[in-house]
$ cat model03.txt   # compact mmCIF, C-alpha atoms
# COMPACT_ATOMS: atom_id res chain seq x y z
CA MET C 1 27.06 92.37 145.70
CA SER C 2 27.89 93.33 142.30
CA ASP C 3 30.55 95.80 141.29
CA ARG C 4 28.23 97.39 138.86
CA THR C 5 25.76 100.06 139.67
CA GLN C 6 22.41 100.52 138.07
CA THR C 7 23.77 102.94 135.51
CA GLY C 8 26.00 100.24 134.05
CA ARG C 9 29.27 101.80 135.03
CA SER C 10 32.06 100.03 136.78
CA ALA C 11 32.70 100.61 140.35
CA PRO C 12 35.27 103.33 141.04
CA GLY C 13 37.89 100.88 142.40
CA ARG C 14 37.63 98.55 139.45
CA SER C 15 38.03 101.18 136.75
CA ARG C 16 41.62 101.86 137.70
CA TRP C 17 42.48 98.17 137.45
CA HIS C 18 40.68 97.92 134.16
CA LEU C 19 42.53 101.02 132.84
CA PHE C 20 45.89 99.64 134.04
CA ALA C 21 45.20 96.20 132.54
CA THR C 22 44.35 97.80 129.23
CA ARG C 23 47.60 99.79 129.15
CA GLU C 24 49.58 96.72 130.06
CA SER C 25 47.85 94.59 127.44
CA ARG C 26 48.45 97.30 124.83
CA TYR C 27 52.13 97.35 125.75
CA VAL C 28 52.32 93.57 125.50
CA ALA C 29 50.46 93.61 122.16
CA ILE C 30 52.73 96.34 120.73
CA THR C 31 55.83 94.55 121.98
CA ALA C 32 54.60 91.27 120.46
CA CYS C 33 53.92 93.01 117.13
CA VAL C 34 57.37 94.64 117.10
CA ILE C 35 59.03 91.31 117.93
CA ALA C 36 56.98 89.58 115.22
CA ILE C 37 57.93 92.23 112.65
CA LEU C 38 61.60 92.00 113.62
CA ALA C 39 61.44 88.19 113.40
CA ILE C 40 59.85 88.40 109.95
CA LEU C 41 62.47 90.92 108.78
CA ILE C 42 65.38 88.88 110.13
CA GLY C 43 63.94 85.65 108.72
CA GLY C 44 63.32 87.28 105.31
CA HIS C 45 66.85 88.67 105.29
CA LEU C 46 68.38 85.29 106.14
CA TYR C 47 66.23 83.56 103.52
CA GLY C 48 67.29 86.17 100.93
CA LEU C 49 70.95 85.54 101.78
CA TYR C 50 70.36 81.81 101.37
CA LEU C 51 68.74 82.30 97.96
CA ALA C 52 71.47 84.71 96.84
CA SER C 53 74.23 82.31 97.86
CA ARG C 54 72.48 79.53 95.97
CA ASP C 55 72.26 81.71 92.85
CA LEU C 56 75.90 82.80 93.23
CA GLY C 57 77.05 79.19 93.15
CA GLY C 58 75.27 78.70 89.83
CA ARG C 59 76.63 82.00 88.54
CA ASP C 60 80.19 81.02 89.40
CA THR C 61 79.78 77.76 87.50
CA VAL C 62 78.41 79.58 84.46
CA ILE C 63 81.24 82.13 84.60
CA ALA C 64 83.83 79.36 84.71
CA GLN C 65 82.20 77.64 81.72
CA LEU C 66 82.06 80.89 79.75
CA GLN C 67 85.72 81.64 80.49
CA ALA C 68 86.71 78.18 79.28
CA GLU C 69 84.63 78.62 76.11
CA SER C 70 86.10 82.09 75.58
CA GLN C 71 89.65 80.77 75.83
CA GLN C 72 88.80 77.94 73.43
CA GLN C 73 87.29 80.39 70.92
CA LYS C 74 90.34 82.66 71.26
CA ARG C 75 92.66 79.74 70.49
CA LYS C 76 90.49 78.83 67.51
CA ILE C 77 90.60 82.42 66.23
CA ASP C 78 94.39 82.52 66.64
CA GLU C 79 94.73 79.24 64.70
CA GLN C 80 92.46 80.51 61.93
CA SER C 81 94.37 83.79 61.79
CA ALA C 82 97.63 81.88 61.39
CA GLN C 83 96.04 79.76 58.64
CA ILE C 84 94.77 82.87 56.86
CA THR C 85 98.23 84.45 57.02
CA ALA C 86 99.83 81.28 55.63
CA LEU C 87 97.24 81.12 52.85
CA GLN C 88 97.79 84.78 51.98
CA ILE C 89 101.53 84.15 51.69
CA LYS C 90 100.86 81.14 49.45
CA LEU C 91 98.43 83.17 47.34
CA THR C 92 100.95 85.96 46.86
CA SER C 93 103.60 83.43 45.86
CA VAL C 94 101.27 81.65 43.44
CA GLN C 95 100.14 84.96 41.92
CA GLY C 96 103.77 85.93 41.37
CA GLN C 97 104.49 82.59 39.72
CA LEU C 98 101.35 82.86 37.58
CA GLU C 99 102.26 86.35 36.42
CA ALA C 100 105.74 85.10 35.52
CA ILE C 101 104.18 82.35 33.44
CA MET C 102 101.14 84.25 32.18
CA PRO C 103 101.46 88.00 32.68
CA SER C 104 98.43 90.24 32.43
CA ALA C 105 96.83 90.78 29.04
CA ASN C 106 99.21 92.06 26.36
CA THR C 107 102.15 92.05 28.81
CA TYR C 108 105.09 89.77 28.08
CA ASN C 109 108.34 88.82 29.79
CA ILE C 110 111.12 88.19 27.28
CA ASN C 111 114.46 86.68 28.25
CA PRO C 112 117.70 87.60 26.41
CA ASN C 113 118.12 85.91 23.01
CA HIS C 114 114.54 84.63 22.97
CA SER C 115 111.56 85.65 20.89
CA LEU C 116 107.77 85.53 21.23
CA ILE C 117 104.88 85.70 18.81
CA VAL C 118 102.44 88.23 20.31
CA ALA C 119 99.39 90.36 19.48
CA ALA C 120 97.34 87.53 17.98
CA GLY C 121 100.22 86.47 15.74
CA HIS C 122 100.79 89.90 14.16
CA LEU C 123 104.19 90.53 15.80
CA THR C 124 107.33 88.53 16.43
CA ILE C 125 109.40 90.21 19.16
CA GLY C 126 112.84 89.07 20.24
CA LEU C 127 115.26 90.43 22.83
CA ILE C 128 118.76 90.62 21.37
CA GLY C 129 121.45 90.14 23.99
CA ALA C 130 121.18 91.19 27.63
CA PRO C 131 119.52 94.54 28.39
CA GLY C 132 121.96 97.44 28.70
CA ASN C 133 122.01 100.38 31.10
CA GLU C 134 119.95 102.72 28.92
CA GLY C 135 117.70 100.41 26.93
CA VAL C 136 117.11 97.07 25.26
CA THR C 137 117.63 95.96 21.69
CA LEU C 138 114.47 94.46 20.27
CA ASP C 139 113.86 92.64 17.00
CA ILE C 140 110.29 93.49 15.97
CA ASN C 141 109.19 91.58 12.86
CA GLY C 142 112.83 91.37 11.68
CA LYS C 143 113.72 95.03 12.32
CA GLN C 144 116.17 95.80 15.18
CA GLN C 145 115.50 98.82 17.40
CA THR C 146 117.01 100.10 20.64
CA VAL C 147 114.19 101.06 23.01
CA ALA C 148 114.34 102.71 26.45
CA ALA C 149 111.96 101.99 29.33
CA GLY C 150 108.64 103.77 28.78
CA GLN C 151 109.25 104.29 25.06
CA VAL C 152 106.51 103.20 22.63
CA VAL C 153 107.29 101.87 19.15
CA GLY C 154 104.63 101.91 16.44
CA VAL C 155 104.63 99.03 13.97
CA ALA C 156 102.41 98.33 10.94
CA PRO C 157 102.67 94.62 10.08
CA ASP C 158 100.19 95.16 7.23
CA PRO C 159 98.21 98.16 5.91
CA SER C 160 95.02 97.21 7.79
CA THR C 161 96.68 96.73 11.22
CA SER C 162 98.48 99.15 13.52
CA CYS C 163 100.48 97.79 16.49
CA GLN C 164 102.29 99.35 19.40
CA VAL C 165 105.13 97.85 21.45
CA ALA C 166 106.17 99.51 24.73
CA VAL C 167 108.97 98.60 27.13
CA GLN C 168 107.62 98.73 30.67
CA SER C 169 110.81 97.75 32.46
CA PHE C 170 113.96 95.69 32.13
CA ASP C 171 116.76 94.28 34.20
CA MET C 172 119.79 92.08 33.55
CA PHE C 173 117.70 88.95 33.03
CA LYS C 174 114.50 89.98 31.23
CA ALA C 175 112.46 92.77 29.67
CA VAL C 176 108.77 93.39 30.33
CA LEU C 177 106.90 94.55 27.21
CA THR C 178 103.34 95.37 26.23
CA ALA C 179 102.17 94.76 22.71
CA SER C 180 98.77 95.33 21.16
CA CYS C 181 97.31 95.64 17.71
CA ALA C 182 94.18 97.29 16.37
CA ALA C 183 92.57 97.57 12.96
CA VAL C 184 93.33 100.79 11.12
CA LYS C 185 90.26 103.02 10.69
CA PRO C 186 89.64 104.02 7.09
CA GLN C 187 89.96 107.75 6.42
$ encode --input "model03.txt" --output "structure tokens"
Amino acid sequence: MSDRTQTGRSAPGRSRWHLFATRESRYVAITACVIAILAILIGGHLYGLYLASRDLGGRDTVIAQLQAESQQQKRKIDEQSAQITALQIKLTSVQGQLEAIMPSANTYNINPNHSLIVAAGHLTIGLIGAPGNEGVTLDINGKQQTVAAGQVVGVAPDPSTSCQVAVQSFDMFKAVLTASCAAVKPQ
């Protein structure tokens, strides 16, 4: 005989087994899904750790290379800085020597008992003896004058030219003078 009746329903004894088997299969299916999800999560986590450790190895190599390059660049900068400092010292020295040889425009260094022709040949200036405590004795176009530092002396070598001589500074070994000439403006 069949377990089914004419209405198509299961027999009363079978329905309990069918209901129990369904609950048990649901439990097994849910447990299998949970285990599968946990396996996927654990596997994904382990694979992520593997990839991260692989990337970290490359990162460490790059960091070591960058540190070496940084130290090399720092040494190069230090060397260049030392070269720049040495060149600046040389430049200062050379500028001092150049100014001693060729002072700025219209500025002249005169040693004791020497003379110079200045201001485009209009003036002959000589330093007579060593500079004193209060001033220097200058011979300007054959005329002796005692001049203090900062004092300006006006000279007219000819009627059409007016010149000025000023003592900037002096010490025991030299005097620093400025001399310039200009054409006299007609009145």
$ closest_residue --input "model03.txt" --among "C:Ala183, C:Asn109, C:Gln144, C:Arg23" --to "Val167 of chain C" --atoms "only C-alpha atoms"
C:Asn109
$ atom_distance --input "model03.txt" --atom1 "atom CA of Val147 of chain C" --atom2 "atom CA of Thr124 of chain C"
15.7 Å
$ atom_distance --input "model03.txt" --atom1 "atom CA of Tyr108 of chain C" --atom2 "atom CA of Val136 of chain C"
14.3 Å
$ atom_distance --input "model03.txt" --atom1 "atom CA of Gln164 of chain C" --atom2 "atom CA of Asn111 of chain C"
19.7 Å
$ residues_near_point --input "model03.txt" --point "(113.0, 93.6, 18.1)" --cutoff "7 Å" --atoms "all atoms listed in the file" --output "ChimeraX atom specification"
/C:125-127,137-145
$ residues_around --input "model03.txt" --residues "Val176 of chain C" --least-positions-apart "2" --cutoff "12 Å" --atoms "only C-alpha atoms" --output "MDAnalysis selection string"
chainID C and resid 99:100 103:104 106:112 125:127 131 135:136 138 147:150 165:174 178:179
$ decode --input "model03.txt" --residues "segment 51-70 of chain C" --atoms "N, CA and C atoms" --output "compact mmCIF listing (two decimals), in the first residue's frame"
# COMPACT_ATOMS: atom_id res chain seq x y z
N LEU C 51 50.32 38.41 0.88
CA LEU C 51 50.56 39.51 -0.05
C LEU C 51 51.22 40.70 0.65
N ALA C 52 50.78 41.00 1.87
CA ALA C 52 51.35 42.12 2.62
C ALA C 52 52.82 41.87 2.94
N SER C 53 53.14 40.63 3.32
CA SER C 53 54.54 40.34 3.64
C SER C 53 55.40 40.41 2.39
N ARG C 54 54.85 40.04 1.26
CA ARG C 54 55.58 40.14 0.00
C ARG C 54 55.84 41.60 -0.36
N ASP C 55 54.85 42.46 -0.16
CA ASP C 55 55.00 43.89 -0.42
C ASP C 55 55.95 44.53 0.57
N LEU C 56 55.93 44.09 1.83
CA LEU C 56 56.82 44.66 2.84
C LEU C 56 58.27 44.38 2.51
N GLY C 57 58.55 43.23 1.96
CA GLY C 57 59.93 42.90 1.58
C GLY C 57 60.41 43.86 0.52
N GLY C 58 59.58 44.16 -0.46
CA GLY C 58 59.94 45.13 -1.49
C GLY C 58 60.06 46.53 -0.92
N ARG C 59 59.20 46.87 0.02
CA ARG C 59 59.24 48.18 0.65
C ARG C 59 60.53 48.36 1.44
N ASP C 60 60.92 47.34 2.17
CA ASP C 60 62.17 47.42 2.94
C ASP C 60 63.37 47.62 2.04
N THR C 61 63.37 46.97 0.90
CA THR C 61 64.48 47.15 -0.06
C THR C 61 64.50 48.57 -0.59
N VAL C 62 63.34 49.10 -0.92
CA VAL C 62 63.25 50.47 -1.43
C VAL C 62 63.68 51.46 -0.35
N ILE C 63 63.27 51.25 0.88
CA ILE C 63 63.66 52.14 1.98
C ILE C 63 65.16 52.11 2.16
N ALA C 64 65.77 50.96 2.11
CA ALA C 64 67.22 50.87 2.26
C ALA C 64 67.93 51.61 1.12
N GLN C 65 67.43 51.48 -0.10
CA GLN C 65 68.02 52.18 -1.24
C GLN C 65 67.88 53.69 -1.07
N LEU C 66 66.69 54.13 -0.64
CA LEU C 66 66.46 55.57 -0.47
C LEU C 66 67.33 56.14 0.65
N GLN C 67 67.54 55.39 1.72
CA GLN C 67 68.41 55.86 2.79
C GLN C 67 69.85 55.99 2.30
N ALA C 68 70.29 55.03 1.51
CA ALA C 68 71.65 55.10 0.96
C ALA C 68 71.79 56.31 0.04
N GLU C 69 70.79 56.53 -0.83
CA GLU C 69 70.82 57.68 -1.72
C GLU C 69 70.77 58.99 -0.93
N SER C 70 69.97 59.02 0.12
CA SER C 70 69.87 60.22 0.96
C SER C 70 71.20 60.54 1.61
